[in-house]
Structures are given as C-alpha cells and as structure tokens.
$ cat run_17.tsv   # TSV, C-alpha atoms and all ligand atoms
chain	number	residue	atom	x	y	z
A	617	MET	CA	138.07	-46.67	-58.44
A	618	GLU	CA	139.59	-45.80	-61.85
A	619	LEU	CA	143.08	-47.13	-62.62
A	620	TRP	CA	145.39	-45.26	-65.00
A	621	PHE	CA	148.91	-46.20	-66.13
A	622	THR	CA	151.35	-43.46	-67.12
A	623	GLU	CA	154.63	-44.01	-68.93
A	624	LYS	CA	156.71	-41.05	-67.83
A	625	GLN	CA	158.65	-40.40	-71.02
A	626	THR	CA	160.55	-37.38	-69.71
A	627	GLU	CA	160.50	-35.51	-66.40
A	628	ASN	CA	157.66	-33.41	-67.79
A	629	PHE	CA	155.73	-35.56	-70.23
A	630	GLY	CA	154.03	-38.94	-70.33
A	631	ILE	CA	151.32	-41.01	-71.99
A	632	THR	CA	148.44	-42.38	-69.99
A	633	ALA	CA	146.03	-45.27	-70.54
A	634	LYS	CA	143.01	-46.31	-68.54
A	635	VAL	CA	143.57	-49.82	-67.21
A	636	SER	CA	140.78	-52.28	-66.40
A	637	ARG	CA	143.14	-54.67	-64.59
A	638	THR	CA	146.72	-55.70	-64.01
A	639	LEU	CA	147.18	-59.23	-65.32
A	640	HIS	CA	150.79	-59.84	-64.30
A	641	THR	CA	153.69	-58.21	-62.47
A	642	GLU	CA	157.15	-59.60	-61.74
A	643	ARG	CA	160.77	-58.61	-61.35
A	644	THR	CA	163.30	-60.65	-63.30
A	645	PRO	CA	167.10	-60.36	-62.98
A	646	TYR	CA	166.94	-57.91	-65.92
A	647	GLN	CA	163.79	-55.84	-65.55
A	648	ARG	CA	160.29	-55.41	-64.18
A	649	ILE	CA	157.54	-56.90	-66.36
A	650	ASP	CA	153.91	-55.72	-66.23
A	651	VAL	CA	150.99	-56.88	-68.34
A	652	LEU	CA	148.04	-54.49	-68.24
A	653	GLU	CA	144.56	-54.81	-69.71
A	654	THR	CA	143.88	-51.33	-71.09
A	655	VAL	CA	140.47	-50.05	-72.12
A	656	GLU	CA	141.44	-48.61	-75.54
A	657	TYR	CA	144.56	-50.52	-76.66
A	658	GLY	CA	143.93	-54.06	-75.41
A	659	ARG	CA	146.74	-55.78	-73.54
A	660	MET	CA	149.90	-53.78	-72.99
A	661	LEU	CA	153.39	-55.16	-72.28
A	662	VAL	CA	155.40	-52.82	-70.07
A	663	LEU	CA	159.10	-53.31	-69.23
A	664	ASP	CA	160.58	-51.10	-66.51
A	665	GLY	CA	157.64	-48.73	-66.86
A	666	MET	CA	158.04	-48.38	-70.66
A	667	VAL	CA	155.43	-49.53	-73.16
A	668	MET	CA	156.82	-52.30	-75.40
A	669	CYS	CA	153.67	-53.12	-77.31
A	670	THR	CA	149.90	-53.17	-77.21
A	671	ASP	CA	147.43	-55.48	-78.93
A	672	ARG	CA	146.02	-52.61	-80.95
A	673	ASP	CA	149.07	-51.01	-82.58
A	674	GLU	CA	151.86	-53.62	-82.34
A	675	PHE	CA	151.39	-54.71	-85.97
A	676	ILE	CA	152.79	-51.43	-87.30
A	677	TYR	CA	156.13	-51.70	-85.49
A	678	HIS	CA	156.55	-55.45	-86.03
A	679	GLU	CA	155.66	-55.41	-89.72
A	680	MET	CA	157.96	-52.47	-90.39
A	681	ILE	CA	160.99	-53.79	-88.51
A	682	ALA	CA	160.69	-57.15	-90.31
A	683	HIS	CA	159.34	-56.69	-93.83
A	684	VAL	CA	161.40	-53.72	-94.97
A	685	PRO	CA	164.73	-55.59	-94.60
A	686	LEU	CA	163.29	-58.99	-95.55
A	687	PHE	CA	161.99	-57.61	-98.84
A	688	THR	CA	165.24	-55.69	-99.37
A	689	HIS	CA	167.30	-58.89	-99.28
A	690	PRO	CA	166.70	-60.92	-102.47
A	691	ASP	CA	166.89	-64.30	-100.72
A	692	PRO	CA	166.74	-64.14	-96.89
A	693	LYS	CA	167.33	-67.67	-95.61
A	694	GLN	CA	169.03	-67.20	-92.23
A	695	VAL	CA	167.53	-64.54	-89.96
A	696	LEU	CA	168.48	-63.39	-86.46
A	697	VAL	CA	166.28	-61.32	-84.14
A	698	ILE	CA	168.03	-59.77	-81.14
A	699	GLY	CA	165.70	-58.94	-78.23
A	700	GLY	CA	162.11	-59.18	-79.43
A	701	GLY	CA	161.09	-61.61	-76.66
A	702	ASP	CA	157.41	-60.76	-77.12
A	703	GLY	CA	157.54	-62.68	-80.42
A	704	GLY	CA	155.94	-60.05	-82.68
A	705	THR	CA	158.98	-59.65	-84.92
A	706	ILE	CA	159.56	-63.42	-85.28
A	707	ARG	CA	155.86	-63.80	-86.18
A	708	GLU	CA	156.42	-61.48	-89.14
A	709	VAL	CA	159.76	-63.08	-90.10
A	710	VAL	CA	158.25	-66.56	-90.47
A	711	LYS	CA	155.62	-65.23	-92.89
A	712	HIS	CA	158.45	-65.25	-95.47
A	713	PRO	CA	158.61	-68.60	-97.23
A	714	ARG	CA	162.30	-68.09	-98.16
A	715	VAL	CA	163.31	-68.06	-94.48
A	716	GLU	CA	164.82	-71.42	-93.52
A	717	ARG	CA	165.92	-70.57	-89.98
A	718	ALA	CA	164.90	-67.75	-87.64
A	719	VAL	CA	166.92	-67.41	-84.43
A	720	LEU	CA	165.72	-65.31	-81.48
A	721	ALA	CA	168.49	-64.18	-79.09
A	722	GLU	CA	166.65	-62.72	-76.09
A	723	ILE	CA	168.37	-62.06	-72.77
A	724	ASP	CA	165.31	-62.48	-70.53
A	725	GLU	CA	163.49	-65.80	-70.78
A	726	ARG	CA	160.64	-64.40	-68.65
A	727	VAL	CA	159.62	-61.97	-71.42
A	728	ILE	CA	159.16	-64.96	-73.73
A	729	ALA	CA	157.19	-66.91	-71.11
A	730	VAL	CA	154.95	-63.96	-70.22
A	731	SER	CA	154.22	-63.29	-73.89
A	732	LYS	CA	153.31	-66.95	-74.45
A	733	GLU	CA	150.84	-66.70	-71.59
A	734	TYR	CA	149.28	-63.27	-72.18
A	735	PHE	CA	149.94	-62.36	-75.84
A	736	PRO	CA	149.01	-65.38	-77.98
A	737	ALA	CA	148.70	-63.23	-81.11
A	738	LEU	CA	152.30	-62.01	-80.68
A	739	SER	CA	153.92	-65.24	-79.56
A	740	ARG	CA	152.31	-67.64	-82.05
A	741	GLY	CA	155.35	-67.34	-84.33
A	742	PHE	CA	157.45	-69.22	-81.73
A	743	ALA	CA	155.61	-72.42	-82.70
A	744	ASP	CA	157.00	-72.30	-86.25
A	745	PRO	CA	159.48	-75.20	-86.70
A	746	ARG	CA	162.07	-72.85	-88.28
A	747	VAL	CA	162.35	-70.84	-85.04
A	748	GLU	CA	165.22	-71.43	-82.60
A	749	ILE	CA	165.17	-69.61	-79.27
A	750	GLU	CA	168.47	-68.83	-77.59
A	751	VAL	CA	168.23	-67.24	-74.16
A	752	GLY	CA	171.28	-65.02	-73.71
A	753	ASP	CA	172.97	-61.76	-74.57
A	754	GLY	CA	172.54	-60.76	-78.20
A	755	ILE	CA	175.98	-59.15	-78.22
A	756	ALA	CA	177.65	-62.44	-77.32
A	757	HIS	CA	175.52	-64.28	-79.91
A	758	VAL	CA	176.65	-61.93	-82.66
A	759	LYS	CA	180.33	-62.32	-81.68
A	760	ALA	CA	180.03	-66.11	-81.74
A	761	ASN	CA	178.32	-66.38	-85.14
A	762	LYS	CA	180.42	-64.88	-87.91
A	763	ASP	CA	179.32	-64.99	-91.57
A	764	THR	CA	176.02	-66.67	-90.64
A	765	TYR	CA	172.96	-64.49	-91.26
A	766	ASP	CA	171.31	-62.87	-94.27
A	767	VAL	CA	169.18	-60.51	-92.17
A	768	ILE	CA	169.63	-59.33	-88.56
A	769	LEU	CA	166.90	-57.38	-86.74
A	770	VAL	CA	167.69	-55.54	-83.51
A	771	ASP	CA	164.37	-55.32	-81.64
A	772	SER	CA	165.71	-53.92	-78.41
A	773	THR	CA	164.51	-52.02	-75.39
A	774	GLU	CA	165.65	-48.42	-74.85
A	775	PRO	CA	169.44	-47.87	-74.65
A	776	ILE	CA	169.73	-48.39	-70.90
A	777	GLY	CA	170.63	-51.48	-68.83
A	778	PRO	CA	171.32	-54.66	-70.85
A	779	ALA	CA	170.29	-52.96	-74.13
A	780	GLU	CA	172.88	-50.18	-73.88
A	781	GLY	CA	175.47	-52.20	-75.79
A	782	LEU	CA	172.93	-52.81	-78.58
A	783	PHE	CA	173.38	-49.16	-79.64
A	784	ALA	CA	177.21	-49.20	-79.64
A	785	ARG	CA	179.49	-48.94	-82.66
A	786	GLU	CA	181.34	-52.18	-81.74
A	787	PHE	CA	178.01	-54.01	-81.84
A	788	TYR	CA	177.29	-52.72	-85.37
A	789	GLU	CA	180.76	-53.92	-86.39
A	790	GLY	CA	179.96	-57.32	-84.85
A	791	ILE	CA	176.73	-57.46	-86.83
A	792	TYR	CA	178.68	-56.67	-90.03
A	793	GLU	CA	180.86	-59.70	-89.32
A	794	ALA	CA	177.86	-61.90	-88.48
A	795	LEU	CA	176.20	-61.06	-91.81
A	796	ARG	CA	176.91	-63.06	-94.93
A	797	PRO	CA	177.84	-61.21	-98.14
A	798	GLY	CA	174.87	-59.07	-99.22
A	799	GLY	CA	173.42	-59.13	-95.71
A	800	VAL	CA	171.06	-56.50	-94.32
A	801	PHE	CA	170.41	-55.33	-90.78
A	802	VAL	CA	167.90	-53.04	-89.12
A	803	ALA	CA	167.81	-51.59	-85.61
A	804	GLN	CA	164.94	-49.80	-83.97
A	805	THR	CA	166.41	-46.36	-83.24
A	806	GLU	CA	163.84	-44.55	-81.13
A	807	SER	CA	162.06	-41.24	-81.80
A	808	PRO	CA	163.55	-38.42	-83.91
A	809	LEU	CA	161.79	-35.90	-81.67
A	810	PHE	CA	163.04	-37.29	-78.35
A	811	ASN	CA	166.28	-39.04	-79.30
A	812	ALA	CA	167.85	-36.74	-81.89
A	813	ALA	CA	171.43	-37.10	-80.61
A	814	LEU	CA	171.18	-40.90	-80.48
A	815	ILE	CA	169.87	-41.07	-84.06
A	816	SER	CA	172.66	-38.81	-85.36
A	817	ARG	CA	175.34	-40.84	-83.60
A	818	VAL	CA	173.94	-44.24	-84.64
A	819	TRP	CA	173.61	-43.03	-88.26
A	820	ARG	CA	177.25	-41.89	-88.31
A	821	ASP	CA	178.43	-45.17	-86.81
A	822	ILE	CA	176.44	-47.36	-89.19
A	823	ALA	CA	177.31	-45.24	-92.23
A	824	SER	CA	181.02	-45.58	-91.41
A	825	ILE	CA	180.74	-49.39	-91.49
A	826	TYR	CA	178.11	-50.31	-94.12
A	827	PRO	CA	178.19	-49.32	-97.81
A	828	VAL	CA	174.42	-48.64	-97.77
A	829	THR	CA	172.75	-46.85	-94.82
A	830	ARG	CA	169.11	-45.72	-94.77
A	831	LEU	CA	166.65	-44.50	-92.18
A	832	TYR	CA	162.90	-45.02	-92.35
A	833	LEU	CA	159.94	-44.03	-90.21
A	834	ALA	CA	156.65	-45.48	-89.03
A	835	PRO	CA	153.95	-44.14	-86.73
A	836	VAL	CA	153.58	-46.09	-83.48
A	837	PRO	CA	150.90	-44.35	-81.39
A	838	THR	CA	151.93	-45.79	-78.02
A	839	TYR	CA	155.67	-45.05	-78.34
A	840	PRO	CA	157.11	-41.72	-77.17
A	841	THR	CA	156.00	-38.97	-79.65
A	842	GLY	CA	154.31	-41.55	-81.90
A	843	MET	CA	157.03	-41.17	-84.57
A	844	TRP	CA	159.49	-44.06	-84.70
A	845	SER	CA	162.73	-44.58	-86.59
A	846	PHE	CA	164.54	-47.64	-87.91
A	847	THR	CA	168.11	-47.51	-89.19
A	848	LEU	CA	169.17	-50.00	-91.86
A	849	GLY	CA	172.70	-51.00	-92.79
A	850	SER	CA	173.32	-53.16	-95.83
A	851	LYS	CA	176.34	-54.90	-97.32
A	852	GLY	CA	174.78	-54.66	-100.79
A	853	PRO	CA	171.04	-54.43	-101.47
A	854	ASP	CA	169.47	-50.99	-101.32
A	855	PRO	CA	165.95	-50.92	-99.82
A	856	LEU	CA	165.05	-48.16	-102.28
A	857	GLN	CA	165.78	-50.44	-105.21
A	858	ALA	CA	164.42	-53.67	-103.75
A	859	GLU	CA	163.65	-56.16	-106.47
A	860	GLY	CA	163.19	-59.87	-107.00
A	861	GLN	CA	160.61	-60.77	-104.38
A	862	ASP	CA	156.83	-60.56	-104.61
A	863	GLU	CA	155.97	-58.07	-101.89
A	864	THR	CA	152.27	-58.85	-102.12
A	865	ALA	CA	152.82	-62.54	-101.35
A	866	ILE	CA	152.38	-62.29	-97.58
A	867	GLU	CA	149.49	-61.07	-95.46
A	868	THR	CA	150.02	-57.74	-93.71
A	869	ARG	CA	147.90	-54.96	-92.21
A	870	TYR	CA	150.33	-52.04	-92.45
A	871	TYR	CA	153.17	-52.95	-94.82
A	872	THR	CA	152.65	-52.63	-98.58
A	873	PRO	CA	155.23	-52.11	-101.35
A	874	GLU	CA	154.10	-48.45	-101.47
A	875	VAL	CA	154.53	-48.02	-97.70
A	876	HIS	CA	158.00	-49.60	-98.02
A	877	GLY	CA	159.13	-46.85	-100.40
A	878	ALA	CA	157.24	-44.03	-98.69
A	879	SER	CA	158.69	-44.80	-95.27
A	880	PHE	CA	162.11	-43.59	-96.53
A	881	ALA	CA	160.77	-40.11	-97.35
A	882	LEU	CA	162.13	-38.08	-94.46
A	883	PRO	CA	160.89	-34.79	-93.02
A	884	ARG	CA	163.44	-31.97	-93.19
A	885	PHE	CA	164.31	-32.04	-89.47
A	886	VAL	CA	165.10	-35.77	-89.68
A	887	GLU	CA	167.26	-35.28	-92.80
A	888	GLU	CA	169.16	-32.67	-90.83
A	889	LEU	CA	169.81	-35.14	-88.01
A	890	LEU	CA	171.57	-37.39	-90.52
A	891	ALA	CA	173.71	-34.55	-91.88
A	892	ARG	CA	175.08	-33.61	-88.44
A	901	LIG	N1	159.36	-53.31	-79.55
A	901	LIG	C1	159.94	-52.86	-78.34
A	901	LIG	C2	160.21	-51.40	-78.22
A	901	LIG	O1	160.88	-50.82	-79.09
A	901	LIG	O2	159.75	-50.82	-77.26
A	901	LIG	C3	161.06	-53.74	-77.92
A	901	LIG	C4	160.47	-55.05	-77.55
A	901	LIG	S1	161.38	-56.33	-76.88
A	901	LIG	C5	160.31	-56.97	-75.72
A	901	LIG	C6	162.90	-55.84	-76.27
A	901	LIG	C7	163.65	-56.99	-75.62
A	901	LIG	O3	165.05	-56.78	-75.72
A	901	LIG	C8	163.33	-57.20	-74.15
A	901	LIG	O4	162.56	-58.37	-73.99
A	901	LIG	C9	164.72	-57.30	-73.49
A	901	LIG	O5	164.79	-58.33	-72.51
A	901	LIG	C10	165.62	-57.59	-74.70
A	901	LIG	N2	167.03	-57.24	-74.53
A	901	LIG	C11	167.56	-56.15	-73.92
A	901	LIG	N3	168.90	-56.20	-73.98
A	901	LIG	C12	169.25	-57.34	-74.63
A	901	LIG	C13	170.49	-57.95	-74.99
A	901	LIG	N4	171.67	-57.39	-74.68
A	901	LIG	N5	170.44	-59.13	-75.67
A	901	LIG	C14	169.27	-59.72	-75.99
A	901	LIG	N6	168.06	-59.19	-75.66
A	901	LIG	C15	168.05	-58.02	-74.99

$ encode --input "run_17.tsv" --output "structure tokens" --more "lines below"
Ligand code: SAM
Amino acid sequence: MELWFTEKQTENFGITAKVSRTLHTERTPYQRIDVLETVEYGRMLVLDGMVMCTDRDEFIYHEMIAHVPLFTHPDPKQVLVIGGGDGGTIREVVKHPRVERAVLAEIDERVIAVSKEYFPALSRGFADPRVEIEVGDGIAHVKANKDTYDVILVDSTEPIGPAEGLFAREFYEGIYEALRPGGVFVAQTESPLFNAALISRVWRDIASIYPVTRLYLAPVPTYPTGMWSFTLGSKGPDPLQAEGQDETAIETRYYTPEVHGASFALPRFVEELLAR
C-alpha cells in the first residue's frame, strides 16, 4: 500500500509527498511531532501537520536565516536563536568564527531530542561548545536579557499557538531592548503569496521600531508556495552595505555574497505589500 503525506496549507490546497515510513510520532504539551521518511526529500520534520524541514532543502532556509544577518553585523559575538529546535539555524550560526556564544531558546525540548535522534545533519551544531540550550518561552527570554545580543534570529513555527506572540509588535520591541548597540535581528515571516497581510503588518511594526528595516526572499520548495520571506530589523548596519567580514570564509551550499545582495531584490507585488 502506498503512503502519502499531505500538508493542507489552505482549505483548498496542499503539498503531498510519498512516504516510505513513519519514523516517529508523539504529542508534546505544545504540539504533535512527526518524522517521516519521504521518497524524494529524505527525512521530513512535521509539527502539527506542517512541514518544518526536509533533509533535501533545509540548507536554503537555514543558511539564509543565519548568514544574511551574521554577515550584516560587523562583529557578531553574542547570538540568540528563538525556536529553531531542529538545530539547523544554530548549525549555521556556529560556522562563524566571531561567534563566542550562541543561545537557543526553544519552548519544546522534545523537538530538540527528536532532531538529535533523527536529524543528525541538522542537530550536529548543538555539540559546539559555544552553544547554550535554554528550554523555555523565547518571549520571556528576550524580556529577561536586555542589552545582551549582537544578532537575534527568530526561527519560529507559524503564528498560531505558542508562536503567536513571536509575531507581535511588543515582541519586536523586546528584541530591540535585548540587542546591543548596532544589533541586528531577523524573523522568518512566511510566504508573500499566502501571508500578505501578516507581512505588511510585521513590516510596519518593525519599521516603526528599527532605523533600518529590510525584507529578503529565498525559495524553499517544501514551504507553502515555495517563496519565503525574512524581515530584518537593524539598529545600525544595513545588509545592503555589509562590509568588514569575509563572506567567502565559511562553507555554504546556497548562500554567497551575490545571493546575499540579490535576495533583497523584490518583485513588484512584494514591494507593494511593504508600501501598504
Ligand atoms: N524552519 C521552520 C519553519 O519556518 O517552518 C521553523 C522550525 S522550528 C522547529 C520552530 C520551533 O519554534 C518549534 O520547535 C517550536 O517548538 C518553537 N517555538 C514556538 N513558539 C515558541 C516560543 N514562544 N518560544 C520558543 N520557541 C518556540
């Protein structure tokens, strides 16, 4: 019998992958976790029925959420990742030799444990001695750590359940306070085709707090619509004028200095979302 998994992205649309077996299923206090072995995309991490990452295309998302801000900041020493329990973002953060401390604030310790068991290529960054794992709410962590971080990355689930507050204006203000002078933050902000209103609202909120606000895009084939956005707020450095670090010094598969610049070139309909 053939097994197929469908992420129902709207009432009327979904993406489907052929599955050779289910490796793990559990319910945690926060969400349902599934690990599937797919035929085309390798292992797939699914939270509450939504694809978080697959072996085959995860590098695009994780490299772009991490390296764009880390190469924008001239000297990122203290880095915070909120969410990101699969470890992919931390794995990219610790590629940067300037990073002295990388903190992961993830609400669900089971995501971390499941990733360690089933996604060794994602979770290997956890073994780096500069990494500190704090299991708890990222919102509380930000409130409790003022003037601490050079770079903050919000690698969250969709804006429902415990992640809802990670898309709120008060949270972006908290991040501003948690950043040191010249600090930079990035949040994954969903798809411009499916989440237009969210992107417009988040852009307005961030632009009203941070002197520099930019949005960039990357293709992630297994995310809804395949077109993904990241919104960056900066207290000083502009990602379009990044200078001072050698962007070829680390090993990547997607990110290059040229991709960094090109990812800020926005299609007309996305520009219009930011002008609303
Ligand atoms: N790359 C993914 C995507 O965009 O689909 C997100 C991956 S990651 C696994 C998201 C993580 O955020 C989940 O493990 C979830 O438990 C965590 N999370 C949700 N709300 C949170 C909160 N308030 N504080 C900390 N972590 C949170």

$ residues_around --input "run_17.tsv" --residues "segment 650-665 of chain A" --least-positions-apart "2" --cutoff "6 Å" --atoms "only C-alpha atoms" --output "ChimeraX atom specification"
/A:623,634-641,647-648,667-672

$ residues_near_ligand --input "run_17.tsv" --ligand "ligand LIG 901 (chain A)" --cutoff "7 Å" --atoms "only C-alpha atoms and all ligand atoms" --output "list in words"
Tyr646, Val667, Met668, Cys669, Tyr677, Ile698, Gly699, Gly700, Gly701, Asp702, Ala721, Glu722, Ile723, Asp724, Val727, Gly752, Asp753, Gly754, Ile755, Asp771, Ser772, Thr773, Glu774, Pro778, Ala779, Gly781, Leu782 and Gln804 of chain A

$ residues_near_point --input "run_17.tsv" --point "(157.3, -47.7, -96.9)" --cutoff "10 Å" --atoms "all atoms listed in the file" --output "mmCIF file with C-alpha atoms, in the coordinates of the input"
data_model
loop_
_atom_site.group_PDB
_atom_site.id
_atom_site.type_symbol
_atom_site.label_atom_id
_atom_site.label_comp_id
_atom_site.auth_asym_id
_atom_site.auth_seq_id
_atom_site.Cartn_x
_atom_site.Cartn_y
_atom_site.Cartn_z
ATOM 1 C CA MET A 680 157.960 -52.470 -90.390
ATOM 2 C CA HIS A 683 159.340 -56.690 -93.830
ATOM 3 C CA VAL A 684 161.400 -53.720 -94.970
ATOM 4 C CA TYR A 832 162.900 -45.020 -92.350
ATOM 5 C CA LEU A 833 159.940 -44.030 -90.210
ATOM 6 C CA ALA A 834 156.650 -45.480 -89.030
ATOM 7 C CA PRO A 855 165.950 -50.920 -99.820
ATOM 8 C CA LEU A 856 165.050 -48.160 -102.280
ATOM 9 C CA TYR A 870 150.330 -52.040 -92.450
ATOM 10 C CA TYR A 871 153.170 -52.950 -94.820
ATOM 11 C CA THR A 872 152.650 -52.630 -98.580
ATOM 12 C CA PRO A 873 155.230 -52.110 -101.350
ATOM 13 C CA GLU A 874 154.100 -48.450 -101.470
ATOM 14 C CA VAL A 875 154.530 -48.020 -97.700
ATOM 15 C CA HIS A 876 158.000 -49.600 -98.020
ATOM 16 C CA GLY A 877 159.130 -46.850 -100.400
ATOM 17 C CA ALA A 878 157.240 -44.030 -98.690
ATOM 18 C CA SER A 879 158.690 -44.800 -95.270
ATOM 19 C CA PHE A 880 162.110 -43.590 -96.530
ATOM 20 C CA ALA A 881 160.770 -40.110 -97.350
#

$ residues_around --input "run_17.tsv" --residues "Tyr826 of chain A" --least-positions-apart "2" --cutoff "9 Å" --atoms "all atoms listed in the file" --output "VMD selection string"
chain A and resid 789 792 821 to 824 828 to 829 849 to 852

$ closest_residue --input "run_17.tsv" --among "A:Gly799, A:Pro645, A:Pro827, A:Pro690" --to "Ile768 of chain A" --atoms "only C-alpha atoms"
A:Gly799

$ atom_distance --input "run_17.tsv" --atom1 "atom CA of Asp744 of chain A" --atom2 "atom CA of Pro692 of chain A"
16.6 Å

$ atom_distance --input "run_17.tsv" --atom1 "atom CA of Phe742 of chain A" --atom2 "atom CA of Glu863 of chain A"
23.1 Å

$ residues_around --input "run_17.tsv" --residues "Gly704 of chain A" --least-positions-apart "4" --cutoff "7 Å" --atoms "only C-alpha atoms" --output "PDB file with C-alpha atoms, in the coordinates of the input"
ATOM      1  CA  HIS A 678     156.550 -55.450 -86.030  1.00  0.00           C
ATOM      2  CA  GLU A 708     156.420 -61.480 -89.140  1.00  0.00           C
ATOM      3  CA  LEU A 738     152.300 -62.010 -80.680  1.00  0.00           C
ATOM      4  CA  SER A 739     153.920 -65.240 -79.560  1.00  0.00           C
TER       5      SER A 739
END

$ atom_distance --input "run_17.tsv" --atom1 "atom CA of Thr688 of chain A" --atom2 "atom CA of Ala794 of chain A"
17.8 Å

$ closest_residue --input "run_17.tsv" --among "A:Phe735, A:Ile866, A:Gly703, A:Thr838" --to "Thr632 of chain A" --atoms "only C-alpha atoms"
A:Thr838

$ axis_aligned_box --input "run_17.tsv" --around "segment 838-852 of chain A" --padding-each-side "3 Å" --output "JSON"
{"center_x": 164.1, "center_y": -46.9, "center_z": -89.0, "size_x": 30.4, "size_y": 21.9, "size_z": 29.6}

$ residues_near_point --input "run_17.tsv" --point "(156.9, -65.8, -98.1)" --cutoff "12 Å" --atoms "only C-alpha atoms" --output "list in words"
His683, Leu686, Phe687, Pro690, Asp691, Pro692, Lys693, Glu708, Val709, Val710, Lys711, His712, Pro713, Arg714, Val715, Glu716, Gln861, Asp862, Glu863, Thr864, Ala865, Ile866, Glu867 and Thr868 of chain A
